[in-house]
Amino acid sequence: MCGIIGYTGEKEAEDILVDGLEILEYRGYDSAGIALCQADGSVRISKCAGRVKELRALCKEAGFRGTCGIGHTRWATHGGVSDANAHPHQFGKVTLTHNGIIENYRSLIQRYGLEDKLHSQTDSEVAAAVIAHFYNGDPLAAIRKAVLKLKGTFALSIIFEDIPGAIFAVRNVSPVVIGRAVQGSMLASDVTALGQYTKKYFVLPEFHVAVLKKEGIELYDMSGEAASWEWMTVDWDVDRSGKGGYPFYMEKEIMEQPEVIGETIASRIREGIPDLSGDGIPDSLLADCKRISVVACGTAMHAGLVGKALMQSLVRIHMDVELASEFMYADAIVDEDTLVIAISQSGETIDTLEAVKYAKKNGAKTLAVVNVRGSSVARASDYAFYTNAGPEIAVASTKAYTTQLAALYLLTGRMAYVRGRFGREDAERFAKELLRTPEAIQAVLDRREEIHYIARSILNAKDVFMMGRGLDYSILLEGSLKLKEISYIHSEAYASGELKHGTIALITEDTPVVAVVTQGKLQSKEFSNIKEVQSRGAGVILFIKETFDMDRNASWDGVFRLPAMEDGFMVMPASVALQLLAYYVSLDKGLDVDKPRNLAKVVTVE
Ligand code: AGP
C-alpha cells in the first residue's frame, strides 16, 4: 500500500508530484505529503492527514518552490492517521518517503538510541534515522549500510539536504518504477503515475540504488558497482486512466468490460480454438501437470474459484484454490507435478508474491495471471498470462476480475484440448461461446437502470445474504465482497444447500436475499432453497437466466433476467449484474465509491 512519487528536472515539481499522487491515491488515502528541495538547498515539507486534494490546497498556501521533490500518499500501518505520521519524514539531512513495513523498527530504535528523537509513530521515520546515522557525505554508502539493517519490505525515495537535485531510491519487494520524463527523471510506485508523461520505464531491481538527476539516471548494486537496467514499455492507453465522463472510475471500469474482455479473449483464439502460444505458455505446461493450485487474494481468489469449477468439470484435474496469505503457513503441498497459478490484478500483492516464491522453492511450475505488465508477481513466475483490462483505478475490482475469468476460461479450454478432453470441435464450440461473452455483458450493461432500480430495495439493509449453487455460488462470493467493500452493508454469500445448516437462523423479513439461478441442473433445488428463505419472511432479489422458468406467483423484491449463454459461461453476465448492484447501492448511499474506507487498491503488506 502507499504510493510514492519523485521528480527532478527543469520544471517546478509541486504540480507534477501532487498530480501523480492523485493518480496513486488508490494505493492509500488517509494522508499525503510532498517534500521540495528549495534553491537554497533546504528541504520544505507540506503534509497532512486527509486526501490529496487537501494536500494540494496546503501546498498552494505554503508556496514552496523547487524542481526536485518526493511525494507520498499513505495507507496507515504503523501509527494512526495524523499530520505527524504522514510522509515525507525528515531526520537530520535525510528526507524520505516509504512504502512497505520495517518489521524490526523497535530494535532499530533501541540500537540507534532513537527513543526520544522521533516525531512520529511510524516505522518509516526510523528508516530515515538509520540512513541519517550512517550518512557522512556519501549517500550511496549510507543507503547501502542502512538497508542491510532493515528487515521487512520497503520502497524508499530519499533526498539529502546537501545534495540538491538528486533523488535516491532503493527497494525490497515493494515496487518502484523509474522513467525519464518532463525534462527530467521520475519515479513512482507504479506506471499509471508515469504513463501520462512517458511510455518507457524500468523496474528498479531489488537491493539496487537508483540515483535520479535532471540529466539522467544512474543505478548501482549493493557493492557500489554501476548496474544496467531493462527498459519496458507501458502498453496501455493512457486515456483509459481518466474517468471518461463517468462519476466514478468503478462505473467506467464496469462499462469497459465488453471491450477489455473482448481483447483478452480474441487475441488468444487462433484457428478457432484457444491458443496461448502468443503468451509463451507451452502446451507441455498444461499437459504435464498432475494438479493445480491457485494462489490469490480477495477478488482474484474468487476468480480462482470459478476457474476451479471449470477445470474440474472440463479438464477433470484436481485443483485447489488457496488464500495466498494462508498458503505457505499451511505447509501447502506443492511439488514438481503441481502447476501453481497466481492470480493478481496488480501483481504486487505481497501474499501472492510470497506464495509464488514458496511454490517455486518447492519445485512447482508457476504461471501468473496478472494485469500489470512487469509487475513483481509476473516477474517472479515462470510464465505470465497478461489480462488486457488496462488500468484499474477503483479500489473495487471489476474489469480485472472478469478478464481474470476470461483468462481462466482460455486456460481451461486449451488445457482440455491438449489433454485430449476436448476434440477439435469441442474446443471450437467452447471458443465460439467464449467469444459471445462481450455481447452478453453488453446486454446487461444496456439494461443497467433496471439493476439500479432493484438496488434501491437493499439500500437500507443492515445485512444481505446471497445464495446460489455451483458456479452461481462462486460468483456470489465475489458479489458479496463487492457489496461489503463499497456499500458497507454486511453481506454473506452462501451455498444454498448449506444455509439450513445454521445460517438460516439469521434469515428474517429484515434480511434481504440475493439469489442467482443460472445452472440448469441445479435450478429446481435452487428454487426449493429460495422458498425456504421466503417462508421465513426474506425478500428475494432474483438474477435468473432469461430462458429459465420461474415461479410467477412468488413475490420478488426484484427480478433481473440475464442474457442467455451456455450454463458454463453464465458467470460472465451474472458477475457484471452483481457488480452493478453493489455499485448502485454505494452510489445511492452517497459514498465514495472509488475509495471505500480502510481499503487500498494494492496490498503490499502481509
Ligand atoms: C477487490 O475488489 C479487492 N479490493 C481486493 O480483494 C483485491 O482483489 C485483492 O487485494 C487482490 O489484489 P490483486 O488482484 O491486485 O492481487
# chains A, B, ... in the order shown; residues from 1 in each chain; ligands from 1

$ residues_near_ligand --ligand "ligand 1" --cutoff "10 Å" --atoms "only C-alpha atoms and all ligand atoms" --output "ChimeraX atom specification"
/A:295-303,324,342-353,369-372,377,392,394-398,400-401,404,478-479,481-486,579,595-596,599-604

$ write_last_selection --atoms "C-alpha atoms" --output "PDB file, in the first residue's frame"
ATOM      1  CA  VAL A 295      -2.918 -18.698  -5.033  1.00  0.00           C
ATOM      2  CA  ALA A 296      -4.578 -15.302  -4.847  1.00  0.00           C
ATOM      3  CA  CYS A 297      -6.313 -12.830  -2.556  1.00  0.00           C
ATOM      4  CA  GLY A 298      -9.744 -11.227  -2.449  1.00  0.00           C
ATOM      5  CA  THR A 299     -11.420 -10.861  -5.798  1.00  0.00           C
ATOM      6  CA  ALA A 300      -8.606 -12.646  -7.592  1.00  0.00           C
ATOM      7  CA  MET A 301      -9.115 -15.641  -5.309  1.00  0.00           C
ATOM      8  CA  HIS A 302     -12.809 -15.602  -6.192  1.00  0.00           C
ATOM      9  CA  ALA A 303     -11.855 -15.727  -9.870  1.00  0.00           C
ATOM     10  CA  ALA A 324      -2.260 -16.646  -0.687  1.00  0.00           C
ATOM     11  CA  ALA A 342      -1.033 -16.898  -9.176  1.00  0.00           C
ATOM     12  CA  ILE A 343      -3.872 -14.526  -9.976  1.00  0.00           C
ATOM     13  CA  SER A 344      -3.458 -10.827  -9.298  1.00  0.00           C
ATOM     14  CA  GLN A 345      -4.600  -7.575 -10.856  1.00  0.00           C
ATOM     15  CA  SER A 346      -1.715  -5.503  -9.569  1.00  0.00           C
ATOM     16  CA  GLY A 347       0.884  -8.238  -9.496  1.00  0.00           C
ATOM     17  CA  GLU A 348       2.149  -6.579  -6.328  1.00  0.00           C
ATOM     18  CA  THR A 349       0.044  -8.238  -3.621  1.00  0.00           C
ATOM     19  CA  ILE A 350       2.721  -9.356  -1.230  1.00  0.00           C
ATOM     20  CA  ASP A 351       0.987 -12.533  -0.060  1.00  0.00           C
ATOM     21  CA  THR A 352       0.531 -13.690  -3.637  1.00  0.00           C
ATOM     22  CA  LEU A 353       4.134 -12.875  -4.415  1.00  0.00           C
ATOM     23  CA  VAL A 369      -2.452 -14.371 -14.464  1.00  0.00           C
ATOM     24  CA  VAL A 370      -1.751 -10.694 -13.999  1.00  0.00           C
ATOM     25  CA  ASN A 371      -2.964  -7.378 -15.317  1.00  0.00           C
ATOM     26  CA  VAL A 372       0.047  -5.146 -14.742  1.00  0.00           C
ATOM     27  CA  VAL A 377       4.241 -11.495  -9.454  1.00  0.00           C
ATOM     28  CA  GLU A 392      -7.991  -0.370 -12.982  1.00  0.00           C
ATOM     29  CA  ALA A 394     -11.299   1.974  -8.486  1.00  0.00           C
ATOM     30  CA  VAL A 395     -10.389   0.039  -5.358  1.00  0.00           C
ATOM     31  CA  ALA A 396     -13.227  -2.387  -6.032  1.00  0.00           C
ATOM     32  CA  SER A 397     -12.063  -4.692  -8.768  1.00  0.00           C
ATOM     33  CA  THR A 398     -14.451  -5.252 -11.681  1.00  0.00           C
ATOM     34  CA  ALA A 400      -9.773  -7.067 -13.675  1.00  0.00           C
ATOM     35  CA  TYR A 401     -11.960  -9.841 -12.224  1.00  0.00           C
ATOM     36  CA  GLN A 404      -9.207 -12.987 -14.980  1.00  0.00           C
ATOM     37  CA  GLU A 478     -17.396 -12.012  -5.249  1.00  0.00           C
ATOM     38  CA  GLY A 479     -20.755 -10.211  -5.481  1.00  0.00           C
ATOM     39  CA  LEU A 481     -17.399  -8.875  -1.310  1.00  0.00           C
ATOM     40  CA  LYS A 482     -18.246  -6.108  -3.767  1.00  0.00           C
ATOM     41  CA  LEU A 483     -21.321  -5.092  -1.798  1.00  0.00           C
ATOM     42  CA  LYS A 484     -19.439  -5.133   1.513  1.00  0.00           C
ATOM     43  CA  GLU A 485     -16.461  -3.137   0.381  1.00  0.00           C
ATOM     44  CA  ILE A 486     -18.233  -0.257  -1.294  1.00  0.00           C
ATOM     45  CA  GLN A 579     -21.125  -5.527  -9.770  1.00  0.00           C
ATOM     46  CA  LYS A 595     -12.184   4.900  -2.375  1.00  0.00           C
ATOM     47  CA  PRO A 596     -14.004   2.910   0.272  1.00  0.00           C
ATOM     48  CA  LEU A 599      -9.003  -0.022   1.905  1.00  0.00           C
ATOM     49  CA  ALA A 600      -6.214   0.380  -0.595  1.00  0.00           C
ATOM     50  CA  LYS A 601      -6.003  -0.929  -4.116  1.00  0.00           C
ATOM     51  CA  VAL A 602      -2.653  -2.603  -3.777  1.00  0.00           C
ATOM     52  CA  VAL A 603      -1.960  -4.621  -0.663  1.00  0.00           C
ATOM     53  CA  THR A 604       1.781  -4.717  -0.193  1.00  0.00           C
TER      54      THR A 604
END

$ select_by_dssp --residues "region 310-558 of chain A" --states "strand (DSSP E)" --output "ChimeraX atom specification"
/A:318-323,338-344,365-370,383-386,463-468,490-495,513-517,540-545,558

$ select_by_dssp --residues "region 365-427 of chain A" --states "helix (DSSP H, G or I)" --output "mmCIF file with N, CA and C atoms, in the first residue's frame"
data_model
loop_
_atom_site.group_PDB
_atom_site.id
_atom_site.type_symbol
_atom_site.label_atom_id
_atom_site.label_comp_id
_atom_site.auth_asym_id
_atom_site.auth_seq_id
_atom_site.Cartn_x
_atom_site.Cartn_y
_atom_site.Cartn_z
ATOM 1 N N SER A 376 5.665 -7.485 -9.981
ATOM 2 C CA SER A 376 6.507 -8.429 -9.237
ATOM 3 C C SER A 376 6.051 -9.882 -9.402
ATOM 4 N N VAL A 377 4.734 -10.117 -9.339
ATOM 5 C CA VAL A 377 4.241 -11.495 -9.454
ATOM 6 C C VAL A 377 4.550 -12.048 -10.848
ATOM 7 N N ALA A 378 4.399 -11.189 -11.857
ATOM 8 C CA ALA A 378 4.687 -11.636 -13.225
ATOM 9 C C ALA A 378 6.159 -11.988 -13.355
ATOM 10 N N ARG A 379 7.009 -11.153 -12.776
ATOM 11 C CA ARG A 379 8.444 -11.400 -12.912
ATOM 12 C C ARG A 379 8.896 -12.617 -12.105
ATOM 13 N N ALA A 380 8.227 -12.825 -10.986
ATOM 14 C CA ALA A 380 8.647 -13.955 -10.132
ATOM 15 C C ALA A 380 8.178 -15.303 -10.690
ATOM 16 N N LYS A 399 -13.364 -4.969 -13.824
ATOM 17 C CA LYS A 399 -12.895 -5.486 -15.118
ATOM 18 C C LYS A 399 -11.676 -6.392 -14.949
ATOM 19 N N ALA A 400 -10.911 -6.163 -13.889
ATOM 20 C CA ALA A 400 -9.773 -7.067 -13.675
ATOM 21 C C ALA A 400 -10.293 -8.473 -13.383
ATOM 22 N N TYR A 401 -11.374 -8.538 -12.583
ATOM 23 C CA TYR A 401 -11.960 -9.841 -12.224
ATOM 24 C C TYR A 401 -12.492 -10.568 -13.465
ATOM 25 N N THR A 402 -13.266 -9.873 -14.267
ATOM 26 C CA THR A 402 -13.868 -10.585 -15.402
ATOM 27 C C THR A 402 -12.821 -10.936 -16.466
ATOM 28 N N THR A 403 -11.758 -10.130 -16.563
ATOM 29 C CA THR A 403 -10.702 -10.546 -17.507
ATOM 30 C C THR A 403 -9.910 -11.724 -16.923
ATOM 31 N N GLN A 404 -9.831 -11.790 -15.594
ATOM 32 C CA GLN A 404 -9.207 -12.987 -14.980
ATOM 33 C C GLN A 404 -10.061 -14.218 -15.293
ATOM 34 N N LEU A 405 -11.383 -14.027 -15.211
ATOM 35 C CA LEU A 405 -12.264 -15.156 -15.563
ATOM 36 C C LEU A 405 -12.027 -15.563 -17.018
ATOM 37 N N ALA A 406 -11.925 -14.555 -17.894
ATOM 38 C CA ALA A 406 -11.694 -14.860 -19.311
ATOM 39 C C ALA A 406 -10.400 -15.661 -19.469
ATOM 40 N N ALA A 407 -9.366 -15.244 -18.722
ATOM 41 C CA ALA A 407 -8.083 -15.957 -18.791
ATOM 42 C C ALA A 407 -8.253 -17.407 -18.345
ATOM 43 N N LEU A 408 -9.043 -17.604 -17.290
ATOM 44 C CA LEU A 408 -9.232 -18.965 -16.773
ATOM 45 C C LEU A 408 -10.041 -19.829 -17.748
ATOM 46 N N TYR A 409 -10.988 -19.206 -18.437
ATOM 47 C CA TYR A 409 -11.701 -19.943 -19.487
ATOM 48 C C TYR A 409 -10.725 -20.382 -20.574
ATOM 49 N N LEU A 410 -9.860 -19.441 -20.979
ATOM 50 C CA LEU A 410 -8.922 -19.768 -22.053
ATOM 51 C C LEU A 410 -7.965 -20.873 -21.620
ATOM 52 N N LEU A 411 -7.486 -20.774 -20.382
ATOM 53 C CA LEU A 411 -6.584 -21.820 -19.875
ATOM 54 C C LEU A 411 -7.299 -23.163 -19.817
ATOM 55 N N THR A 412 -8.555 -23.121 -19.363
ATOM 56 C CA THR A 412 -9.335 -24.366 -19.287
ATOM 57 C C THR A 412 -9.529 -24.961 -20.680
ATOM 58 N N GLY A 413 -9.918 -24.096 -21.617
ATOM 59 C CA GLY A 413 -10.180 -24.570 -22.991
ATOM 60 C C GLY A 413 -8.939 -25.198 -23.600
ATOM 61 N N ARG A 414 -7.806 -24.499 -23.429
ATOM 62 C CA ARG A 414 -6.565 -25.018 -24.025
ATOM 63 C C ARG A 414 -6.133 -26.312 -23.322
ATOM 64 N N MET A 415 -6.270 -26.314 -22.025
ATOM 65 C CA MET A 415 -5.836 -27.479 -21.250
ATOM 66 C C MET A 415 -6.689 -28.706 -21.626
ATOM 67 N N ALA A 416 -7.994 -28.471 -21.731
ATOM 68 C CA ALA A 416 -8.878 -29.579 -22.102
ATOM 69 C C ALA A 416 -8.480 -30.113 -23.471
ATOM 70 N N TYR A 417 -8.070 -29.206 -24.351
ATOM 71 C CA TYR A 417 -7.696 -29.611 -25.718
ATOM 72 C C TYR A 417 -6.382 -30.401 -25.719
ATOM 73 N N VAL A 418 -5.353 -29.838 -25.033
ATOM 74 C CA VAL A 418 -4.044 -30.523 -25.106
ATOM 75 C C VAL A 418 -4.037 -31.822 -24.297
ATOM 76 N N ARG A 424 -11.183 -31.313 -31.455
ATOM 77 C CA ARG A 424 -11.125 -30.007 -32.119
ATOM 78 C C ARG A 424 -12.504 -29.325 -32.106
ATOM 79 N N GLU A 425 -13.530 -30.088 -32.369
ATOM 80 C CA GLU A 425 -14.876 -29.490 -32.446
ATOM 81 C C GLU A 425 -15.343 -28.949 -31.108
ATOM 82 N N ASP A 426 -15.008 -29.692 -30.038
ATOM 83 C CA ASP A 426 -15.383 -29.210 -28.691
ATOM 84 C C ASP A 426 -14.674 -27.884 -28.404
ATOM 85 N N ALA A 427 -13.377 -27.854 -28.768
ATOM 86 C CA ALA A 427 -12.594 -26.641 -28.493
ATOM 87 C C ALA A 427 -13.147 -25.468 -29.285
#

$ residues_around --residues "Val294 (chain A)" --least-positions-apart "4" --cutoff "7 Å" --atoms "only C-alpha atoms" --output "JSON, numbers by chain"
{"A": [304, 320, 321, 322, 340, 341, 342]}

$ write_last_selection --atoms "C-alpha atoms" --output "CSV table (one decimal), in the first residue's frame"
chain,number,residue,atom,x,y,z
A,304,GLY,CA,-9.8,-18.8,-9.0
A,320,ASP,CA,-7.1,-26.2,-5.1
A,321,VAL,CA,-7.7,-22.6,-4.6
A,322,GLU,CA,-5.8,-21.2,-1.7
A,340,VAL,CA,0.7,-23.0,-9.3
A,341,ILE,CA,-1.4,-20.3,-10.9
A,342,ALA,CA,-1.0,-16.9,-9.2

$ atom_distance --atom1 "CA of Cys289 (chain A)" --atom2 "CA of Asp337 (chain A)"
5.0 Å

$ residues_around --residues "Pro563 (chain A)" --least-positions-apart "6" --cutoff "8 Å" --atoms "only C-alpha atoms" --output "JSON, numbers by chain"
{"A": [440, 443, 444, 545, 546, 573]}

$ closest_residue --among "A:Ile475, A:Leu212, A:Ala84, A:Met232" --to "Gly195 (chain A)" --atoms "only C-alpha atoms"
A:Met232

$ residues_around --residues "Cys59 (chain A)" --least-positions-apart "5" --cutoff "10 Å" --atoms "only C-alpha atoms" --output "ChimeraX atom specification"
/A:14-15,18,33-34,45-47,53-54,64-65

$ residues_around --residues "Lys525 (chain A)" --least-positions-apart "3" --cutoff "12 Å" --atoms "only C-alpha atoms" --output "ChimeraX atom specification"
/A:467-470,495-497,517,519-522,528-532

$ residues_around --residues "Val585 (chain A)" --least-positions-apart "2" --cutoff "7 Å" --atoms "only C-alpha atoms" --output "number ranges by chain"
A: 455-456, 459, 487, 581-583, 587-589

$ closest_residue --among "A:Val571, A:Leu471, A:Leu24, A:Cys68" --to "Gln38 (chain A)" --atoms "only C-alpha atoms"
A:Cys68

$ atom_distance --atom1 "CA of Val356 (chain A)" --atom2 "CA of Gly374 (chain A)"
15.1 Å
